[in-house]
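Next comes model19.cif, with mmCIF, C-alpha atoms and all ligand atoms.
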data_query
loop_
_atom_site.label_atom_id
_atom_site.label_comp_id
_atom_site.auth_asym_id
_atom_site.auth_seq_id
_atom_site.Cartn_x
_atom_site.Cartn_y
_atom_site.Cartn_z
CA MET U 398 76.96 109.85 114.89
CA LYS U 399 74.78 106.75 115.10
CA LEU U 400 76.02 103.20 114.48
CA ILE U 401 74.12 100.01 113.71
CA ILE U 402 75.88 96.73 113.01
CA HIS U 403 73.29 94.97 110.85
CA ARG U 404 75.40 91.84 110.67
CA GLY U 405 78.81 90.87 112.01
CA ALA U 406 78.53 91.86 115.67
CA HIS U 407 78.82 88.19 116.65
CA GLN U 408 79.91 86.37 113.52
CA VAL U 409 82.74 86.16 111.01
CA GLY U 410 81.55 87.15 107.54
CA GLY U 411 78.52 88.92 106.15
CA ASN U 412 79.65 92.29 107.49
CA CYS U 413 77.25 95.19 107.19
CA VAL U 414 77.59 98.33 109.33
CA GLU U 415 75.47 101.46 109.07
CA LEU U 416 76.60 104.93 110.14
CA SER U 417 74.38 107.98 110.12
CA HIS U 418 74.86 111.62 110.98
CA MET U 419 72.34 114.39 110.40
CA ASP U 420 70.70 113.60 107.05
CA SER U 421 73.45 111.29 105.75
CA THR U 422 73.69 107.51 106.00
CA ILE U 423 76.45 105.23 104.74
CA LEU U 424 77.07 101.48 104.81
CA LEU U 425 80.41 99.82 105.45
CA ASP U 426 80.48 96.51 103.52
CA VAL U 427 77.48 94.42 102.44
CA GLY U 428 78.81 90.89 102.68
CA LEU U 429 77.47 87.40 102.17
CA PRO U 430 77.52 85.26 105.33
CA LEU U 431 80.36 82.74 105.21
CA ASP U 432 78.00 79.80 105.59
CA SER U 433 75.93 80.80 102.57
CA ARG U 434 76.20 78.54 99.56
CA PHE U 435 77.20 79.82 96.16
CA ASP U 436 73.93 78.81 94.52
CA ASP U 437 71.76 80.19 97.35
CA ASP U 438 69.15 82.72 96.38
CA PRO U 439 70.95 85.91 97.54
CA LYS U 440 67.62 87.31 98.78
CA LEU U 441 67.74 84.78 101.61
CA ASN U 442 70.99 86.27 102.88
CA LEU U 443 70.10 89.97 102.94
CA PRO U 444 70.61 91.70 106.28
CA GLN U 445 67.08 92.59 107.36
CA PRO U 446 65.14 94.77 108.06
CA LEU U 447 67.78 97.01 106.44
CA PHE U 448 67.20 95.95 102.82
CA ASP U 449 63.42 96.13 103.09
CA GLU U 450 63.69 99.63 104.56
CA ILE U 451 65.97 100.69 101.70
CA ARG U 452 63.62 99.22 99.09
CA GLN U 453 60.54 100.81 100.65
CA GLY U 454 62.29 104.20 100.75
CA ILE U 455 62.16 104.33 104.56
CA LYS U 456 65.96 104.47 104.68
CA LYS U 457 68.04 106.49 102.25
CA ILE U 458 71.66 105.37 101.75
CA ASN U 459 74.11 107.99 100.46
CA GLY U 460 76.94 105.59 99.74
CA VAL U 461 78.37 102.13 100.39
CA LEU U 462 82.07 101.63 101.16
CA LEU U 463 83.51 98.23 100.28
CA SER U 464 86.65 97.41 102.27
CA HIS U 465 87.95 94.64 99.98
CA ALA U 466 87.03 92.07 97.35
CA HIS U 467 86.12 89.13 99.60
CA MET U 468 82.54 87.87 99.19
CA ASP U 469 81.86 88.08 102.93
CA HIS U 470 82.38 91.85 102.61
CA TYR U 471 80.92 92.75 99.20
CA GLY U 472 78.85 89.75 98.03
CA LEU U 473 75.45 91.47 98.37
CA ALA U 474 76.41 94.85 96.90
CA GLY U 475 74.70 93.86 93.65
CA MET U 476 71.39 93.47 95.49
CA LEU U 477 71.25 97.17 96.38
CA PRO U 478 69.09 99.52 94.28
CA PRO U 479 71.23 100.76 91.36
CA ASP U 480 70.98 104.44 92.33
CA ILE U 481 73.03 103.93 95.53
CA PRO U 482 76.69 104.84 94.89
CA ILE U 483 79.21 102.10 95.75
CA TYR U 484 82.87 102.89 96.49
CA SER U 485 85.90 100.59 96.37
CA GLY U 486 89.63 100.53 95.78
CA PRO U 487 90.69 100.37 92.09
CA ALA U 488 92.20 96.86 92.12
CA SER U 489 89.27 95.56 94.19
CA ALA U 490 86.93 96.89 91.48
CA ASP U 491 88.89 94.92 88.85
CA LEU U 492 88.79 91.75 90.96
CA MET U 493 85.05 92.07 91.60
CA GLU U 494 84.40 92.61 87.90
CA LEU U 495 86.40 89.50 86.95
CA THR U 496 84.65 87.42 89.63
CA SER U 497 81.23 88.61 88.45
CA LYS U 498 81.99 87.42 84.90
CA ILE U 499 83.00 83.95 86.06
CA ASN U 500 80.38 83.46 88.77
CA PRO U 501 77.35 85.33 87.54
CA HIS U 502 74.89 85.30 90.44
CA ASN U 503 71.43 86.59 89.89
CA MET U 504 72.69 89.96 91.06
CA ARG U 505 73.10 93.06 88.97
CA PRO U 506 76.71 94.00 88.15
CA PHE U 507 77.83 97.33 89.57
CA THR U 508 80.54 99.83 88.76
CA PRO U 509 82.03 101.33 91.91
CA SER U 510 83.43 104.83 92.26
CA LEU U 511 87.10 104.46 93.08
CA PHE U 512 89.00 105.77 96.09
CA ASN U 513 92.72 105.77 96.78
CA ASP U 514 94.86 105.12 99.81
CA ARG U 515 94.72 108.11 102.18
CA ASP U 516 92.82 110.34 99.73
CA THR U 517 90.03 111.89 101.79
CA PHE U 518 86.61 112.28 100.17
CA ARG U 519 83.12 113.18 101.32
CA ILE U 520 79.77 111.43 101.29
CA GLY U 521 77.09 113.79 102.63
CA SER U 522 78.13 114.92 106.09
CA PHE U 523 80.85 112.24 106.36
CA SER U 524 84.53 112.74 105.67
CA ILE U 525 86.19 109.43 104.70
CA THR U 526 89.87 108.48 104.47
CA PRO U 527 90.73 104.97 103.25
CA TYR U 528 93.87 103.37 104.72
CA LEU U 529 95.46 100.48 102.84
CA VAL U 530 95.85 97.47 105.14
CA ASP U 531 97.70 94.16 104.98
CA HIS U 532 95.21 91.33 104.26
CA SER U 533 94.97 88.16 102.19
CA ALA U 534 92.83 90.13 99.73
CA PHE U 535 94.76 92.46 97.44
CA ASP U 536 93.83 96.17 97.84
CA ALA U 537 92.12 95.98 101.25
CA TYR U 538 91.25 99.08 103.28
CA GLY U 539 90.17 100.30 106.65
CA PHE U 540 88.23 103.58 106.82
CA LEU U 541 88.68 106.63 109.03
CA ILE U 542 85.25 108.24 109.15
CA SER U 543 84.63 111.64 110.67
CA ALA U 544 81.39 113.51 111.27
CA GLY U 545 80.07 115.89 113.91
CA GLY U 546 83.52 116.16 115.53
CA LYS U 547 83.78 112.38 116.10
CA ASN U 548 86.34 110.00 114.60
CA LEU U 549 85.61 106.35 113.95
CA PHE U 550 87.92 103.79 112.36
CA TYR U 551 86.54 100.62 110.77
CA THR U 552 89.36 98.13 110.26
CA GLY U 553 87.75 95.85 107.68
CA ASP U 554 89.86 92.66 107.63
CA PHE U 555 93.57 93.03 108.29
CA ARG U 556 96.70 91.36 109.57
CA ALA U 557 100.29 92.26 110.38
CA HIS U 558 102.09 89.18 109.07
CA GLY U 559 101.60 89.32 105.28
CA ARG U 560 103.86 90.75 102.59
CA LYS U 561 102.63 94.28 103.44
CA MET U 562 103.18 93.89 107.19
CA ALA U 563 105.17 97.13 107.36
CA ILE U 564 102.04 99.23 106.78
CA PHE U 565 100.48 97.95 110.01
CA ASP U 566 102.85 99.92 112.30
CA LYS U 567 102.49 102.99 110.11
CA LEU U 568 98.70 102.72 110.25
CA ILE U 569 98.40 102.45 114.02
CA ASN U 570 100.80 105.35 114.54
CA ASP U 571 99.26 107.61 111.89
CA LEU U 572 95.62 107.41 112.99
CA PRO U 573 94.25 110.39 114.95
CA LYS U 574 92.61 110.11 118.37
CA LEU U 575 89.57 107.90 117.92
CA ASN U 576 86.22 108.00 119.62
CA VAL U 577 85.38 104.60 118.21
CA LEU U 578 87.43 101.72 116.87
CA VAL U 579 85.31 99.09 115.10
CA MET U 580 87.81 96.25 115.00
CA GLU U 581 87.69 92.80 113.40
CA GLY U 582 88.28 89.89 115.79
CA THR U 583 88.38 86.74 113.67
CA MET U 584 91.21 85.31 115.76
CA ILE U 585 89.72 86.12 119.19
CA GLY U 586 88.54 83.13 121.21
CA PRO U 587 89.56 79.52 120.50
CA ARG U 588 91.79 80.54 117.58
CA SER U 589 93.91 82.90 119.75
CA ASP U 590 96.67 80.31 120.13
CA GLU U 591 97.05 79.61 116.41
CA ILE U 592 100.51 80.40 115.11
CA SER U 593 100.45 82.88 112.24
CA LEU U 594 103.56 82.45 110.14
CA THR U 595 104.68 85.35 107.99
CA GLU U 596 104.62 84.83 104.21
CA GLU U 597 108.44 84.81 104.34
CA GLU U 598 108.44 81.98 106.88
CA LEU U 599 105.95 80.16 104.71
CA GLU U 600 108.26 80.62 101.70
CA GLU U 601 111.09 78.90 103.60
CA LYS U 602 108.83 75.96 104.40
CA PHE U 603 107.74 75.70 100.75
CA VAL U 604 111.37 75.69 99.59
CA GLN U 605 112.13 72.85 102.01
CA LEU U 606 109.09 70.84 100.90
CA ILE U 607 109.85 71.29 97.20
CA GLN U 608 113.42 70.16 97.78
CA GLU U 609 112.21 67.06 99.62
CA THR U 610 109.90 66.13 96.74
CA SER U 611 111.14 63.95 93.88
CA GLY U 612 108.00 64.31 91.74
CA ILE U 613 105.55 67.11 91.03
CA VAL U 614 104.56 69.56 93.78
CA MET U 615 100.88 70.46 93.58
CA VAL U 616 99.56 73.36 95.64
CA SER U 617 95.97 74.31 96.33
CA ALA U 618 95.83 78.04 97.04
CA SER U 619 93.41 80.82 96.12
CA SER U 620 94.11 82.44 92.75
CA GLN U 621 93.14 85.78 94.30
CA ASN U 622 95.51 85.47 97.28
CA ILE U 623 98.32 87.42 95.61
CA ASP U 624 100.62 87.32 98.65
CA ARG U 625 100.48 83.51 98.52
CA LEU U 626 101.09 83.37 94.75
CA VAL U 627 104.17 85.55 95.23
CA THR U 628 105.34 83.22 98.04
CA LEU U 629 104.86 80.19 95.78
CA PHE U 630 106.56 81.83 92.83
CA LYS U 631 109.58 82.79 94.94
CA ALA U 632 109.86 79.32 96.50
CA THR U 633 109.56 77.76 93.02
CA MET U 634 112.32 79.99 91.62
CA ARG U 635 114.60 79.17 94.55
CA SER U 636 114.04 75.48 93.81
CA GLU U 637 114.79 75.99 90.10
CA ARG U 638 111.46 74.62 88.94
CA LEU U 639 108.79 75.98 86.59
CA PHE U 640 105.67 77.53 88.11
CA ILE U 641 102.48 76.27 86.42
CA ILE U 642 99.33 78.33 86.72
CA ASP U 643 95.98 77.98 84.95
CA PHE U 644 94.62 80.61 82.54
CA TYR U 645 92.20 82.02 85.13
CA THR U 646 95.05 82.65 87.58
CA ALA U 647 97.01 84.19 84.69
CA GLU U 648 94.09 86.56 84.10
CA VAL U 649 93.91 87.57 87.80
CA LEU U 650 97.65 88.29 87.82
CA GLU U 651 97.43 90.23 84.58
CA SER U 652 94.53 92.39 85.73
CA LEU U 653 96.42 93.30 88.94
CA GLY U 654 99.79 93.66 87.21
CA LYS U 655 99.22 97.37 86.69
CA TYR U 656 99.09 97.94 90.45
CA ALA U 657 102.14 95.95 91.59
CA ASN U 658 105.12 94.01 90.29
CA ILE U 659 103.62 90.53 90.64
CA PRO U 660 104.32 87.32 88.66
CA GLN U 661 102.93 87.29 85.12
CA ALA U 662 102.19 84.49 82.63
CA SER U 663 104.71 86.00 80.21
CA TRP U 664 107.60 85.59 82.67
CA ALA U 665 110.25 83.07 81.63
CA ARG U 666 109.73 80.55 84.47
CA ILE U 667 105.92 80.53 84.35
CA ARG U 668 103.70 78.41 82.08
CA VAL U 669 99.93 78.36 81.70
CA CYS U 670 97.87 75.15 81.73
CA TYR U 671 94.36 74.60 80.38
CA PRO U 672 92.29 72.25 82.58
CA GLY U 673 89.49 70.86 80.38
CA PRO U 674 86.38 71.45 82.52
CA LEU U 675 87.52 74.99 83.40
CA ALA U 676 88.17 75.81 79.74
CA ARG U 677 84.72 74.53 78.77
CA ARG U 678 83.11 76.62 81.50
CA PHE U 679 84.85 79.77 80.26
CA GLU U 680 83.80 79.04 76.68
CA LYS U 681 80.21 78.59 77.82
CA LEU U 682 80.34 81.92 79.64
CA GLY U 683 81.54 83.63 76.45
CA LEU U 684 85.02 84.19 77.88
CA LYS U 685 87.01 82.45 75.15
CA ASN U 686 89.13 85.60 74.81
CA ILE U 687 90.65 84.91 78.26
CA LEU U 688 91.65 81.40 77.16
CA GLU U 689 93.24 82.64 73.96
CA LYS U 690 95.17 85.44 75.64
CA TYR U 691 97.69 83.09 77.29
CA LEU U 692 98.13 80.46 74.56
CA GLN U 693 101.67 81.67 73.72
CA ASP U 694 102.65 81.03 77.36
CA GLY U 695 100.81 77.69 77.48
CA ILE U 696 102.07 74.20 78.21
CA ASN U 697 100.21 71.04 77.20
CA TRP U 698 99.47 68.13 79.50
CA ARG U 699 101.76 65.61 77.80
CA LYS U 700 104.72 67.98 78.11
CA LEU U 701 103.79 68.58 81.75
CA ARG U 702 103.82 64.86 82.39
CA GLU U 703 107.34 64.60 80.92
CA ILE U 704 108.68 67.26 83.28
CA GLU U 705 106.58 66.37 86.35
CA ASP U 706 109.61 66.47 88.66
CA LYS U 707 110.60 69.96 87.54
CA VAL U 708 107.39 71.86 88.25
CA VAL U 709 105.32 73.37 91.02
CA MET U 710 101.70 73.52 89.93
CA LEU U 711 98.77 75.45 91.30
CA ILE U 712 95.71 73.19 91.29
CA ARG U 713 92.02 73.24 92.20
CA PRO U 714 89.56 70.36 92.67
CA GLY U 715 88.21 71.01 89.17
CA PHE U 716 91.56 69.89 87.69
CA LEU U 717 91.08 66.29 88.90
CA PHE U 718 89.95 65.14 85.43
CA ASN U 719 93.28 66.20 83.89
CA ILE U 720 95.32 65.04 86.88
CA LYS U 721 93.83 61.54 86.61
CA LYS U 722 94.35 61.41 82.88
CA PHE U 723 97.89 62.70 82.61
CA PHE U 724 99.89 62.31 85.83
CA GLY U 725 101.63 59.26 87.29
CA LEU U 726 102.00 61.05 90.65
CA GLN U 727 105.08 59.08 91.77
CA GLY U 728 106.87 61.03 94.50
CA THR U 729 104.20 63.75 94.43
CA THR U 730 103.52 66.20 97.26
CA TRP U 731 100.17 67.97 97.53
CA VAL U 732 100.20 71.10 99.66
CA TYR U 733 96.89 72.47 100.89
CA SER U 734 97.45 76.21 101.38
CA MET U 735 94.00 77.58 102.20
CA TRP U 736 91.55 77.76 105.07
CA PRO U 737 90.99 74.14 106.26
CA GLY U 738 87.28 74.85 106.86
CA TYR U 739 86.58 74.27 103.13
CA PHE U 740 86.95 70.51 103.72
CA LYS U 741 83.69 70.64 105.70
CA THR U 742 81.61 71.89 102.77
CA ASP U 743 83.48 71.33 99.50
CA LYS U 744 82.62 67.92 98.09
CA ARG U 745 85.03 68.16 95.16
CA LEU U 746 87.90 69.12 97.45
CA ASN U 747 87.27 65.94 99.42
CA GLU U 748 87.18 63.93 96.16
CA LEU U 749 90.60 65.34 95.29
CA ARG U 750 91.95 64.39 98.73
CA THR U 751 90.52 60.87 98.46
CA TYR U 752 92.12 60.41 95.04
CA PHE U 753 95.52 61.57 96.34
CA GLU U 754 95.19 59.27 99.37
CA GLY U 755 94.63 56.36 96.99
CA LYS U 756 97.78 57.27 95.08
CA GLU U 757 99.78 57.56 98.30
CA VAL U 758 100.59 61.20 97.58
CA ARG U 759 102.35 63.00 100.44
CA MET U 760 99.94 65.62 101.81
CA GLU U 761 100.97 68.72 103.73
CA TYR U 762 99.20 71.76 105.15
CA LEU U 763 101.08 75.05 104.77
CA HIS U 764 99.04 78.17 105.31
CA THR U 765 98.86 81.41 107.19
CA GLY U 766 95.61 83.27 107.73
CA GLY U 767 94.47 86.69 106.56
CA HIS U 768 93.57 88.00 110.00
CA ALA U 769 95.51 89.73 112.77
CA THR U 770 96.66 87.68 115.75
CA LYS U 771 95.35 88.57 119.20
CA GLU U 772 98.77 90.13 119.98
CA ASP U 773 98.54 92.42 116.95
CA LEU U 774 94.94 93.37 117.77
CA VAL U 775 96.03 94.26 121.32
CA LYS U 776 98.97 96.25 119.94
CA MET U 777 96.60 98.21 117.71
CA ALA U 778 94.11 98.93 120.50
CA ASP U 779 96.87 99.88 122.98
CA THR U 780 98.54 102.25 120.51
CA ILE U 781 95.33 103.95 119.42
CA ASN U 782 93.62 103.81 122.83
CA PRO U 783 90.10 104.55 121.53
CA SER U 784 87.35 105.81 123.82
CA MET U 785 85.20 102.91 122.65
CA LEU U 786 86.15 99.61 121.03
CA ILE U 787 83.41 97.74 119.20
CA PRO U 788 84.21 94.18 118.04
CA VAL U 789 82.99 93.03 114.65
CA HIS U 790 83.67 90.01 112.39
CA SER U 791 84.11 87.70 115.38
CA PHE U 792 82.37 84.61 116.72
CA HIS U 793 83.62 85.49 120.20
CA SER U 794 83.08 89.24 120.60
CA GLU U 795 82.41 88.83 124.34
CA ARG U 796 85.99 87.57 124.78
CA PHE U 797 87.30 91.04 123.82
CA GLN U 798 86.53 92.05 127.40
CA ASP U 799 89.34 89.77 128.64
CA ASP U 800 92.12 91.58 126.80
CA PHE U 801 90.93 95.03 125.72
CA ASN U 802 89.81 98.28 127.41
CA ASN U 803 86.65 100.30 126.74
CA VAL U 804 84.93 97.41 124.94
CA ARG U 805 81.32 98.06 123.96
CA LEU U 806 79.45 94.96 122.84
CA VAL U 807 76.45 95.49 120.60
CA LYS U 808 73.93 93.13 119.10
CA ASP U 809 73.14 92.92 115.40
CA GLY U 810 70.53 95.59 114.70
CA GLU U 811 71.10 97.55 117.95
CA VAL U 812 71.21 101.33 117.55
CA LEU U 813 74.23 102.91 119.26
CA GLN U 814 74.44 106.67 119.70
CA ILE U 815 78.07 107.84 119.70
CA ASP U 816 78.45 110.97 121.86
ZN ZN Y 1 88.68 89.33 103.98
#

Is it possible to give me this structure as structure tokens?
Amino acid sequence: MKLIIHRGAHQVGGNCVELSHMDSTILLDVGLPLDSRFDDDPKLNLPQPLFDEIRQGIKKINGVLLSHAHMDHYGLAGMLPPDIPIYSGPASADLMELTSKINPHNMRPFTPSLFNDRDTFRIGSFSITPYLVDHSAFDAYGFLISAGGKNLFYTGDFRAHGRKMAIFDKLINDLPKLNVLVMEGTMIGPRSDEISLTEEELEEKFVQLIQETSGIVMVSASSQNIDRLVTLFKATMRSERLFIIDFYTAEVLESLGKYANIPQASWARIRVCYPGPLARRFEKLGLKNILEKYLQDGINWRKLREIEDKVVMLIRPGFLFNIKKFFGLQGTTWVYSMWPGYFKTDKRLNELRTYFEGKEVRMEYLHTGGHATKEDLVKMADTINPSMLIPVHSFHSERFQDDFNNVRLVKDGEVLQID
């Protein structure tokens, strides 16, 4: 087996790993770099020379495995020639389809072939078994890949402190003897000391914050971070408030509702709001049907204002227009529950913060990351004891040598023969 990390050997995001054996070649993830901007020309972000070689027919790809529906793992899949088969988990395929409707890049849409947890399938001379992992993305997988008598496991992104934490121990004990472990290391280096709360611990903190708040509780969290939405819903129920989501979040929850028992717009203690600019954007994109779907579960802004002190509301910077127009914000708490790095690049997020500062809104940060702590990474490596450990998805790959055995550092583009 031959391995090339085209991107991700020394950075978080933009993962793209090539494996080849005999006449078969597969790719693991084709992600956008994290520092790329949404309106960038995607061509500028392609891992090269890989894409040129594919286009010129120098390299033939038999299949592309997408680990999960985060842009830094799948964002360039639509730039591949359409005859290359793409594979993903079923819920990830639904999430990617929904995202592509709302944020149409100049990339072609694609329809992946679907795989299921622990159902082995073949691509050319590779045997592939997906393993569901705990991550902030719903339906995330690592892949056990076997060829020529060698076993390699690619972790994708994972953690052991989310709502699916129990599958971490099962995973590390179920995997066979590995020749190679390609392991993500987002938290290696300066972030090693960060405390990673479990979602349950986070829920307790939310309950406390809601109870301390006399007015509305506004929370900024990703509509696709289902673990977090469940945490918020549970904390809201325990505080006997209504949970207010927007129609896009309602659509995400509905499309994933067939895979898990997760909160739905139709539930008694949930209401759906319609932020003006977001509604106009959906209408412009021809997605009026999504707006109309949740009208019977809707709540209007005047009613929301009347019951400000009885709700927990999921918000995004784009809601500022309606927040300014309708809310008094007395006794309000705003909880930021996402990666703090967005403050560096997101102008509208900073506008929202400035507005809240002006209104003397209490601001809190309550978040836990999607990536395994150093302790959990060490536990995984110690349990599996691979012959070779290759770091990926890390800004500090060289630091793996401090805490792990059999580390093999590679550079982006370096060809590594696995014997
Ligand atoms: Zn991810």

Handout entry: Selection near Gly683 of chain U, 10 Å with only C-alpha atoms, sequence-local residues under 5 positions removed, as a ChimeraX atom specification
Key = /U:498-499,677-678

Practice task
Counting all atoms listed in the file, name the residues that have an atom within 9 Å of an atom of ligand ZN 1 (chain Y); the answer should be given as number ranges by chain.
Solution key: U: 410, 464-470, 532-534, 537, 553-555, 767-768

Exercise for the section: Counting all atoms listed in the file, select every polymer residue within 12 Å of (72.1, 103.0, 95.3) as defined in the file's coordinates, and provide the selection as a ChimeraX atom specification. Expected result: /U:422-424,448,451-452,454,456-462,474-484,505,507-510

Problem - Which of U:Gln608, U:Asn412, U:Ser791, U:Ser652 sits closest to Arg635 of chain U [using only C-alpha atoms] - result: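 Using only C-alpha atoms, Arg635 of chain U sits closest to U:Gln608.
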
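For the atom pair formed by atom CA of Asp816 of chain U and atom CA of Gln798 of chain U, the distance is 21.3 Å, given to one decimal.
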
Practice task
Find the distance between atom CA of Lys681 of chain U and atom CA of Asp643 of chain U and write it in Å to one decimal.
Solution key: 17.3 Å

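Residue nearest Leu675 of chain U within the list U:Pro660, U:Pro430, U:Gly715, U:Gly695: U:Gly715 [criterion: smallest interatomic distance, all atoms listed in the file].
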
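Between atom CA of Met735 of chain U and atom CA of Val627 of chain U the separation is 14.7 Å.
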